[in-house]
Every structure is written in C-alpha cells, then in structure tokens.
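Raw contents of data25.csv, CSV, C-alpha atoms:
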chain,number,residue,atom,x,y,z
F,1,MET,CA,0.0,0.0,0.0
F,2,ARG,CA,2.9,2.3,0.8
F,3,THR,CA,4.3,1.8,-2.8
F,4,ALA,CA,0.8,2.5,-4.3
F,5,PHE,CA,0.5,5.7,-2.3
F,6,ASN,CA,4.0,6.8,-3.4
F,7,ILE,CA,3.3,6.2,-7.1
F,8,GLY,CA,-0.1,8.0,-6.7
F,9,LEU,CA,1.6,11.0,-5.1
F,10,ILE,CA,4.3,11.2,-7.8
F,11,ILE,CA,1.5,11.3,-10.4
F,12,CYS,CA,-0.4,13.9,-8.4
F,13,LEU,CA,2.7,16.0,-8.0
F,14,LEU,CA,3.5,16.1,-11.7
F,15,PHE,CA,0.1,16.0,-13.4
F,16,LEU,CA,-2.9,16.5,-11.1
F,17,PRO,CA,-4.4,19.5,-9.3
F,18,TRP,CA,-2.5,20.2,-6.1
F,19,TRP,CA,-5.6,19.7,-3.9
F,20,LEU,CA,-6.0,16.1,-5.1
F,21,GLY,CA,-2.4,15.5,-4.1
F,22,ALA,CA,-3.1,17.0,-0.7
F,23,ILE,CA,-6.1,14.6,-0.2
F,24,VAL,CA,-4.0,11.6,-1.2
F,25,LEU,CA,-1.3,12.8,1.2
F,26,VAL,CA,-3.7,13.1,4.1
F,27,ALA,CA,-5.1,9.6,3.3
F,28,ALA,CA,-1.6,8.2,3.1
F,29,CYS,CA,-0.5,9.7,6.4
F,30,LEU,CA,-3.6,8.3,8.2
F,31,ALA,CA,-3.4,4.9,6.5
F,32,ILE,CA,0.3,4.3,6.9
F,33,ARG,CA,2.3,4.5,10.1
F,34,GLY,CA,5.3,6.8,9.8
F,35,PHE,CA,4.6,8.1,6.3
F,36,TYR,CA,7.7,10.4,6.4
F,37,GLU,CA,7.8,10.6,2.6
F,38,ALA,CA,5.1,13.2,2.9
F,39,ILE,CA,7.8,15.7,3.9
F,40,LEU,CA,9.9,14.7,0.9
F,41,TYR,CA,6.9,15.4,-1.4
F,42,GLY,CA,6.4,18.8,0.4
F,43,ILE,CA,10.1,19.7,-0.3
F,44,LEU,CA,9.7,18.6,-3.9
F,45,ALA,CA,6.5,20.6,-4.4
F,46,ASP,CA,8.3,23.7,-3.0
F,47,ALA,CA,11.3,23.1,-5.2
F,48,LEU,CA,9.4,22.3,-8.4
F,49,TYR,CA,6.8,25.0,-8.3
F,50,GLY,CA,7.6,27.5,-5.6
F,51,THR,CA,9.6,30.7,-6.1
F,52,THR,CA,11.4,33.1,-3.7
F,53,LEU,CA,8.1,35.1,-3.5
F,54,GLY,CA,6.3,32.1,-2.0
F,55,ILE,CA,2.7,32.4,-1.0
F,56,HIS,CA,2.0,35.6,1.0
F,57,GLY,CA,5.8,35.8,1.3
F,58,PHE,CA,6.3,32.3,2.8
F,59,GLN,CA,8.6,30.2,0.7
F,60,TYR,CA,8.1,26.7,2.1
F,61,PRO,CA,4.3,26.2,2.5
F,62,ALA,CA,4.2,22.6,1.3
F,63,THR,CA,7.1,21.5,3.5
F,64,ALA,CA,5.6,23.2,6.5
F,65,LEU,CA,2.1,21.7,5.8
F,66,ALA,CA,3.6,18.2,5.3
F,67,VAL,CA,5.5,18.4,8.6
F,68,ILE,CA,2.3,19.5,10.4
F,69,LEU,CA,0.4,16.7,8.7
F,70,VAL,CA,2.9,14.0,9.7
F,71,LEU,CA,2.8,15.2,13.3
F,72,ILE,CA,-1.0,15.4,13.5
F,73,SER,CA,-1.5,12.1,11.8
F,74,ALA,CA,1.0,10.4,14.2
F,75,PHE,CA,-0.9,11.9,17.1
F,76,LEU,CA,-4.3,10.8,15.7
F,77,ARG,CA,-3.1,7.3,14.9
F,78,ASP,CA,-2.0,7.0,18.6
F,79,LYS,CA,-5.4,8.2,19.8
F,80,LEU,CA,-7.7,6.5,17.4
F,81,ALA,CA,-8.1,2.9,16.2
F,82,TRP,CA,-9.9,1.6,13.1
F,83,GLN,CA,-10.0,-1.6,11.2
E,1,MET,CA,-1.2,-11.9,37.6
E,2,THR,CA,1.8,-12.4,35.4
E,3,TYR,CA,2.8,-10.1,32.6
E,4,LEU,CA,5.2,-10.9,29.9
E,5,ARG,CA,7.9,-8.3,29.8
E,6,ARG,CA,8.0,-6.4,26.6
E,7,THR,CA,11.1,-6.6,24.6
E,8,ASN,CA,12.5,-3.1,23.8
E,9,VAL,CA,14.6,-4.3,20.8
E,10,ASN,CA,11.9,-3.4,18.3
E,11,ALA,CA,11.2,-0.1,19.9
E,12,LYS,CA,14.9,0.8,19.9
E,13,LYS,CA,15.2,-0.2,16.2
E,14,SER,CA,12.1,1.8,15.3
E,15,ARG,CA,13.4,4.9,17.1
E,16,THR,CA,16.8,4.6,15.3
E,17,THR,CA,15.0,4.3,12.0
E,18,THR,CA,12.8,7.4,12.8
E,19,ILE,CA,15.8,9.4,13.8
E,20,LEU,CA,17.6,8.4,10.6
E,21,VAL,CA,14.7,9.3,8.4
E,22,VAL,CA,14.2,12.6,10.1
E,23,ALA,CA,17.9,13.4,9.7
E,24,ILE,CA,17.7,12.6,6.0
E,25,LEU,CA,14.7,14.8,5.6
E,26,VAL,CA,16.4,17.6,7.4
E,27,VAL,CA,19.5,17.3,5.2
E,28,LEU,CA,17.2,17.3,2.1
E,29,PHE,CA,15.4,20.4,3.3
E,30,ALA,CA,18.7,22.1,4.2
E,31,THR,CA,20.0,21.4,0.7
E,32,HIS,CA,16.8,23.0,-0.8
E,33,TYR,CA,17.2,26.0,1.6
E,34,VAL,CA,20.9,26.6,0.7
E,35,PHE,CA,20.6,25.8,-3.0
E,36,PRO,CA,17.0,26.7,-4.0
E,37,GLY,CA,17.4,25.6,-7.6
E,38,ALA,CA,19.2,22.3,-7.0
E,39,TYR,CA,16.1,20.0,-7.0
E,40,ALA,CA,14.3,21.8,-9.7
E,41,GLY,CA,17.4,21.6,-11.9
E,42,LEU,CA,17.6,17.9,-11.2
E,43,PHE,CA,14.0,17.1,-11.8
E,44,TYR,CA,13.0,19.4,-14.6
E,45,PRO,CA,14.8,17.5,-17.4
E,46,VAL,CA,13.0,14.3,-16.2
E,47,GLY,CA,9.7,16.0,-15.5
E,48,THR,CA,9.8,17.7,-19.0
E,49,VAL,CA,9.5,14.3,-20.6
E,50,PHE,CA,6.4,13.4,-18.6
E,51,TRP,CA,4.8,16.8,-18.9
E,52,LYS,CA,5.2,16.8,-22.7
E,53,THR,CA,3.7,13.3,-22.8
E,54,GLU,CA,0.8,14.5,-20.6
E,55,SER,CA,0.2,17.4,-22.9
E,56,GLY,CA,-0.1,15.0,-25.8
E,57,LEU,CA,-2.5,12.7,-23.9
E,58,PHE,CA,-4.5,15.6,-22.6
E,59,GLY,CA,-4.8,16.9,-26.2
E,60,PHE,CA,-6.1,13.5,-27.4
E,61,PHE,CA,-8.6,12.9,-24.6
E,62,GLY,CA,-9.5,16.5,-24.4
E,63,HIS,CA,-10.7,16.4,-28.0
E,64,ALA,CA,-12.1,12.9,-27.9
E,65,GLY,CA,-15.6,14.4,-27.3
E,66,ALA,CA,-15.5,16.1,-30.7
E,67,LEU,CA,-15.3,12.7,-32.4
E,68,VAL,CA,-18.8,11.8,-31.2
E,69,SER,CA,-20.4,15.2,-31.8
E,70,SER,CA,-23.0,15.3,-34.6
E,71,LYS,CA,-22.0,16.7,-38.0
E,72,PHE,CA,-24.9,19.2,-37.8
E,73,SER,CA,-23.7,20.7,-34.6
E,74,LEU,CA,-20.2,21.0,-35.9
E,75,VAL,CA,-21.4,22.7,-39.1
E,76,LYS,CA,-23.4,25.2,-36.9
E,77,GLU,CA,-20.4,25.8,-34.7
E,78,ASN,CA,-18.2,26.3,-37.7
E,79,GLN,CA,-20.6,28.9,-39.2
E,80,SER,CA,-20.8,30.9,-36.0
E,81,LEU,CA,-17.0,30.8,-35.6
E,82,ARG,CA,-16.6,32.1,-39.2
E,83,GLN,CA,-18.9,35.0,-38.5
E,84,GLU,CA,-17.0,35.8,-35.3
E,85,ILE,CA,-13.7,35.8,-37.2
E,86,ALA,CA,-15.1,38.0,-39.9
E,87,ALA,CA,-16.3,40.5,-37.3
E,88,ARG,CA,-13.0,40.5,-35.5
E,89,ASP,CA,-10.9,40.9,-38.7
E,90,ALA,CA,-12.0,44.5,-39.1
E,91,SER,CA,-11.1,45.5,-35.6
E,92,ALA,CA,-7.8,43.6,-35.8
E,93,LEU,CA,-6.8,45.6,-38.9
E,94,LEU,CA,-7.5,48.8,-37.0
E,95,ILE,CA,-5.4,47.6,-34.0
E,96,ASP,CA,-2.5,46.7,-36.3
E,97,SER,CA,-2.5,50.1,-37.9
E,98,LEU,CA,-2.7,51.8,-34.5
E,99,LYS,CA,0.2,49.6,-33.3
E,100,ALA,CA,2.3,50.6,-36.3
E,101,GLU,CA,1.5,54.3,-35.7
E,102,ASN,CA,2.4,53.9,-32.0
E,103,GLU,CA,5.7,52.3,-32.8
E,104,SER,CA,6.7,54.9,-35.4
E,105,LEU,CA,5.9,57.7,-33.0
E,106,LYS,CA,8.1,56.0,-30.3
E,107,ASN,CA,10.9,55.5,-32.9
E,108,SER,CA,10.7,59.2,-33.8
E,109,LEU,CA,11.5,59.9,-30.2
E,110,ASN,CA,14.3,57.4,-30.2
E,111,ARG,CA,12.4,54.8,-28.2
E,112,SER,CA,11.2,51.4,-29.3
E,113,ALA,CA,8.5,49.2,-27.9
E,114,ALA,CA,9.4,46.2,-30.0
E,115,GLY,CA,10.1,43.1,-28.0
E,116,ASP,CA,12.3,40.1,-28.7
E,117,ASP,CA,9.8,37.4,-28.1
E,118,ILE,CA,10.4,33.7,-28.0
E,119,LEU,CA,7.6,31.1,-27.8
E,120,GLY,CA,7.5,28.7,-24.8
E,121,ILE,CA,5.4,25.7,-24.2
E,122,VAL,CA,3.8,25.6,-20.8
E,123,LEU,CA,4.8,22.3,-19.2
E,124,SER,CA,3.0,22.8,-15.9
E,125,ARG,CA,0.4,25.4,-14.8
E,126,PRO,CA,-2.1,25.9,-12.0
E,127,PRO,CA,-3.9,24.1,-10.6
E,128,VAL,CA,-1.1,21.5,-10.7
E,129,SER,CA,1.1,24.2,-9.2
E,130,ALA,CA,-0.4,25.7,-6.0
E,131,TYR,CA,2.0,28.6,-6.2
E,132,ASP,CA,0.7,30.5,-9.2
E,133,THR,CA,3.7,29.6,-11.2
E,134,LEU,CA,4.2,28.1,-14.7
E,135,VAL,CA,7.0,25.9,-15.9
E,136,ILE,CA,8.0,26.5,-19.5
E,137,ASP,CA,10.3,24.6,-21.9
E,138,ILE,CA,12.7,27.4,-22.7
E,139,GLY,CA,15.7,28.4,-20.6
E,140,SER,CA,19.1,30.1,-20.6
E,141,ASP,CA,20.1,28.1,-23.7
E,142,ASP,CA,17.4,30.0,-25.5
E,143,GLY,CA,18.5,33.4,-24.2
E,144,VAL,CA,15.9,33.6,-21.4
E,145,SER,CA,17.1,35.4,-18.3
E,146,LYS,CA,15.6,36.2,-14.9
E,147,GLY,CA,13.2,39.1,-14.9
E,148,ASP,CA,12.1,38.8,-18.5
E,149,LYS,CA,8.5,39.6,-19.0
E,150,VAL,CA,6.1,36.9,-20.0
E,151,TYR,CA,3.0,37.5,-22.2
E,152,ALA,CA,0.1,35.3,-23.2
E,153,ASP,CA,-1.9,35.6,-26.4
E,154,GLY,CA,0.6,38.1,-27.7
E,155,ASP,CA,-0.2,41.2,-25.7
E,156,THR,CA,-1.4,40.1,-22.3
E,157,LEU,CA,1.3,40.6,-19.6
E,158,ILE,CA,1.0,37.8,-17.0
E,159,GLY,CA,4.3,37.5,-15.2
E,160,ASP,CA,8.0,37.4,-15.2
E,161,ILE,CA,10.8,34.8,-15.2
E,162,ALA,CA,11.7,33.9,-11.6
E,163,GLU,CA,14.2,31.1,-12.1
E,164,VAL,CA,16.1,30.0,-15.2
E,165,TYR,CA,17.6,26.5,-15.9
E,166,ALA,CA,19.3,25.3,-19.1
E,167,ASN,CA,16.1,24.2,-20.9
E,168,GLN,CA,13.3,25.2,-18.5
E,169,SER,CA,12.2,28.3,-16.7
E,170,LYS,CA,9.9,29.0,-13.9
E,171,VAL,CA,7.4,31.9,-14.4
E,172,SER,CA,6.1,33.8,-11.5
E,173,LEU,CA,2.6,35.2,-12.2
E,174,PHE,CA,1.9,38.7,-11.1
E,175,SER,CA,-1.2,37.4,-9.5
E,176,THR,CA,0.7,35.2,-7.0
E,177,PRO,CA,-1.1,35.6,-3.6
E,178,GLY,CA,0.4,38.4,-1.7
E,179,ARG,CA,2.5,39.9,-4.5
E,180,THR,CA,2.0,43.6,-5.0
E,181,ILE,CA,2.6,45.5,-8.2
E,182,SER,CA,2.1,49.1,-9.4
E,183,VAL,CA,-0.7,49.4,-12.0
E,184,ILE,CA,-2.3,52.2,-14.0
E,185,LEU,CA,-6.0,52.4,-14.2
E,186,GLY,CA,-6.9,52.9,-17.9
E,187,THR,CA,-9.1,55.9,-18.3
E,188,ALA,CA,-8.4,57.5,-14.9
E,189,ASP,CA,-4.6,57.3,-15.4
E,190,VAL,CA,-4.3,56.7,-11.7
E,191,THR,CA,-1.4,54.6,-10.3
E,192,ALA,CA,-2.2,52.2,-7.5
E,193,GLN,CA,-0.8,49.1,-5.8
E,194,ALA,CA,-2.6,46.0,-6.8
E,195,LYS,CA,-2.4,42.8,-4.8
E,196,GLY,CA,-2.4,39.3,-6.3
E,197,ARG,CA,-5.2,36.9,-5.4
E,198,GLY,CA,-4.1,34.0,-7.5
E,199,LEU,CA,-5.0,32.6,-10.9
E,200,GLY,CA,-4.9,36.0,-12.7
E,201,ASN,CA,-7.1,37.8,-10.1
E,202,PHE,CA,-6.1,41.0,-8.4
E,203,GLN,CA,-7.4,43.5,-5.9
E,204,LEU,CA,-6.7,47.1,-5.3
E,205,ASN,CA,-8.1,49.9,-3.1
E,206,ILE,CA,-8.4,53.5,-4.3
E,207,PRO,CA,-10.4,56.5,-3.1
E,208,VAL,CA,-14.1,56.5,-4.0
E,209,GLU,CA,-13.6,59.8,-5.9
E,210,VAL,CA,-11.6,58.0,-8.7
E,211,GLY,CA,-13.9,57.3,-11.5
E,212,VAL,CA,-13.5,53.6,-12.5
E,213,LYS,CA,-16.1,51.4,-14.1
E,214,GLU,CA,-16.4,47.7,-14.9
E,215,GLY,CA,-14.6,46.8,-18.1
E,216,ASP,CA,-11.9,49.4,-17.7
E,217,ILE,CA,-8.4,48.3,-18.8
E,218,ILE,CA,-5.6,48.0,-16.3
E,219,ALA,CA,-2.0,48.3,-17.5
E,220,LEU,CA,1.6,48.4,-16.1
E,221,PRO,CA,3.8,51.4,-16.5
E,222,GLN,CA,6.0,50.2,-19.4
E,223,ILE,CA,6.6,51.2,-22.9
E,224,ARG,CA,5.4,48.1,-24.7
E,225,PRO,CA,1.7,48.2,-25.4
E,226,HIS,CA,-0.1,45.5,-23.5
E,227,THR,CA,-3.1,44.5,-21.6
E,228,PHE,CA,-2.8,43.5,-17.9
E,229,GLY,CA,-6.2,43.2,-16.6
E,230,ILE,CA,-9.9,44.2,-16.9
E,231,VAL,CA,-12.0,45.6,-14.1
E,232,GLU,CA,-14.6,42.9,-13.1
E,233,LYS,CA,-16.2,44.3,-10.0
E,234,ILE,CA,-16.2,47.5,-7.9
E,235,ILE,CA,-17.2,47.2,-4.3
E,236,VAL,CA,-18.1,50.5,-2.6
E,237,ASP,CA,-18.9,50.7,1.1
E,238,SER,CA,-20.7,53.8,2.1
E,239,SER,CA,-18.9,53.9,5.4
E,240,ASP,CA,-15.4,53.6,3.7
E,241,SER,CA,-13.5,56.3,1.8
E,242,LEU,CA,-11.9,53.6,-0.3
E,243,GLN,CA,-13.4,51.5,-3.0
E,244,THR,CA,-12.2,47.9,-3.7
E,245,ILE,CA,-11.5,47.1,-7.3
E,246,LEU,CA,-11.4,43.5,-8.4
E,247,PHE,CA,-9.9,42.9,-11.7
E,248,LYS,CA,-8.6,39.9,-13.6
E,249,SER,CA,-6.3,39.0,-16.5
E,250,PRO,CA,-8.1,38.5,-19.8
E,251,VAL,CA,-6.4,35.1,-20.3
E,252,ASN,CA,-7.4,31.9,-18.5
E,253,ILE,CA,-4.3,30.8,-16.7
E,254,ASN,CA,-5.6,27.2,-16.2
E,255,SER,CA,-5.8,26.6,-20.0
E,256,LEU,CA,-2.6,28.3,-21.1
E,257,ARG,CA,-0.6,26.2,-23.5
E,258,PHE,CA,1.9,28.7,-24.9
E,259,VAL,CA,3.5,31.9,-23.6
E,260,GLU,CA,5.9,34.5,-25.2
E,261,VAL,CA,8.9,35.6,-23.3
E,262,ASP,CA,10.3,39.0,-24.1
E,263,ARG,CA,14.1,38.7,-23.9
E,264,ASN,CA,14.4,42.4,-24.5
E,265,THR,CA,12.8,43.6,-21.2
E,266,LYS,CA,14.0,44.0,-17.7

Show how you would write the structure in this file as structure tokens.
Amino acid sequence: MRTAFNIGLIICLLFLPWWLGAIVLVAACLAIRGFYEAILYGILADALYGTTLGIHGFQYPATALAVILVLISAFLRDKLAWQ
Amino acid sequence: MTYLRRTNVNAKKSRTTTILVVAILVVLFATHYVFPGAYAGLFYPVGTVFWKTESGLFGFFGHAGALVSSKFSLVKENQSLRQEIAARDASALLIDSLKAENESLKNSLNRSAAGDDILGIVLSRPPVSAYDTLVIDIGSDDGVSKGDKVYADGDTLIGDIAEVYANQSKVSLFSTPGRTISVILGTADVTAQAKGRGLGNFQLNIPVEVGVKEGDIIALPQIRPHTFGIVEKIIVDSSDSLQTILFKSPVNINSLRFVEVDRNTK
C-alpha cells in the first residue's frame, strides 16, 4: 500500500491538481504509520513549483504543511483505532 | 497476575529508523534551503519528458468528445465561428495600424516598444502548481534570463521569469497571492498598488472619488503596449472612503498552453 501511495503521489505532484495530491497525502498519512515521505513530497513541491516570492511571502508552505500533517497524523493514529 | 515483559529491541530499532529518516529529511530540506534551484534543476529534465507526454495525452482525450459530436452541430459551430472571425478581422486591422503608428511615434523619439519574443510551451500550470507559477520549456540556452516579462496571447502581460535553468524556466505570475505591483487604471490614469489573489485575479483599493467602471483596462507602467487586466467588479462601502476594485487577467491561466517571453525587457 505504501508503494501504491507513493506512485499515486508522484503522479499527483506532476500532473494532477495540487488539492488532489493533498487529499491523497492526508489519506496516506492516516493509513500508513510513519509516512515520512510526505515531507519529501512537500520539499519537492516547493522546489518544483515555488519561487522566492512564495505564497504571501512564505517560501516553504508545502514543506511546513507536510511536517504538520505528519505530526498530526502520528498523534491521531495513537489516539484513534480503526480496522 | 503475570505479565510478559515487553522486549525493547523493536522499539529501539524503530526509534533509530525514525531518527535516521528525520535526519535525511532535514538534510534534504537544508539542501533546498541553501541551494533553492538544486532539486528543480535535477527534476525538470526528467519532468519535462512526462509533462510533454501529458500534454499529448490531454490533447487526445480533451478532443475525444469532438469525435462523437454530430456533424450538424459541428457545421453550426463552424458557421458561428466564421462569423465571429469576420467580425474581428476588421477591428484587428485597425489595431494593427494603430500599433504601427504607435511604434513609429516612439521611434521618432528614439524609443522602441518592439520586443524580442520567443515562444515557450507551458509544461506545468495551475492548478497542478499551487503557487501561481508556470514551468515552460525554454531556458538560458534560448536566451531567457531572470526578470524577462512573460506574455500570453501576444499582448497580455501575465508574469516574469523567476528562475532559469538550461532548458526550462519558472514563471512567477503577477497574481501570486500576496505579490504587490504598481498598475495604471486605464481611463483615470491613476497609479495604484494591486495585490495578487491567485489565478490571474487582483485586488486594489483606491479612493471612491476616482472614477472607475467595470470593463476598464488596467496596464503596467512600461513602454510596450499590452493588456494587464480588466476591471470585473467594484465594491463600494458607504462607510469607507476607499473602494475595492477586483480585476482579472483576460487570459485563462488554467488553460494556457503557450506563452511568449520578451528577452528584451528587464
């Protein structure tokens, strides 16, 4: 499943709308324990599409959001349980 | 009650792996922080192959619907398009003559508005990019340099070159959220600071006394004739001395396939 998510995320990063990639990323973080690749995809998104102007002046929004997502998903996985 | 003691070998191993992964990610981010163009320079040559393939596939599937359209509807559409072209031809001739006159007047004053345009194929555009940027297939090998102005549909100014690689460039659109730019309001000739809102949309605040109406042209202070935006909506609050003008670029950023880079401007 990890490989499938990774392939899906690479496709999202290159071809599909960013919000679809974000949804897949959230799903991957919740479904897989320790999905640290999320941060790598954040760094890649910033590197491929971001500029020094950033969004509202912040240059690394995707990296920051990925880090927050990984931390929140780790917390939620500890607190919640599902089949 | 007897409990089995948990082994901590797995936990230790897991902690070591986590630390290692986090360290690798920190190194990767640090590399991006210190050398902002490193990853893009590495991935663009590979990405270009996929993006060009995607354009071809999109072109095929995007037009697949036309294959099943009825001939009658196609004939009707063809007729209406011909009529539209004929109507526009007359105004296009007038625009051409006015442009020539404008250029000759500038030349007589030792100025030139002529650009040195080069066509670029858009490899990636919003909404794939969440940053209001485009990736195009021309770079420093084609004479493109940082700061060059980027036009769409010939005369619509949309952005400038932010990063240049050998065969690709990154275009930063003027509408990038948070980016401010000085604009001139067409008929009023008033200069104001417009703020980007993403996808070719802008917002600016000017005093209520300034006469602006919907459909007015917005331009940038530069010698080359161009269109920058068209006023879409004016919001006036009776309790506020400022009015909010919402305007947008006349081109649809989401469907851009080609852009022109003016290598002559800075």

Would you kindly return, as JSON, numbers by chain, each protein, DNA or RNA residue with an atom no farther than 12 Å from any atom of stretch 67-77 of chain F, considering all atoms listed in the file and excluding same-chain residues fewer than 2 positions away? {"F": [22, 23, 24, 25, 26, 27, 28, 29, 30, 31, 32, 33, 34, 35, 36, 37, 38, 39, 40, 41, 42, 43, 60, 61, 62, 63, 64, 65, 79, 80, 81, 82, 83], "E": [22, 25, 26, 29]}

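You can rank E:Leu28, E:Ala192, E:Ala92, E:Leu173 by their closest distance to E:Tyr131 using only C-alpha atoms, and at the top of that list sits E:Leu173.
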
Pull out every residue of chain F sitting within 8 Å of chain E, counting all atoms listed in the file, and send them as a ChimeraX atom specification. /F:12-18,36,39-40,43-44,47-57

Do you know which residues are at most 9 Å from E:Leu246 counting all atoms listed in the file, after dropping those on the same chain fewer than 6 positions away, and could you put them as a PyMOL selection string? chain E and resi 201-205+230-235

E:Val46, E:Ile85, E:Ile95, E:Ile158 ranked by distance to E:Phe228, top pick (using all atoms listed in the file): E:Ile158

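Interatomic distance, atom CA of E:Leu185 to atom CA of E:Val212: 7.8 Å.
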
In Å, with one decimal, what is the gap from atom CA of F:Trp19 to atom CA of E:Val49? 23.2 Å

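If you measure from each of E:Val27, E:Ser255, E:Lys13, E:Gly229 to E:Thr156 using only C-alpha atoms, the closest one turns out to be E:Gly229.
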
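From atom CA of E:Arg263 back to atom CA of E:Gln193, the distance works out to 25.6 Å.
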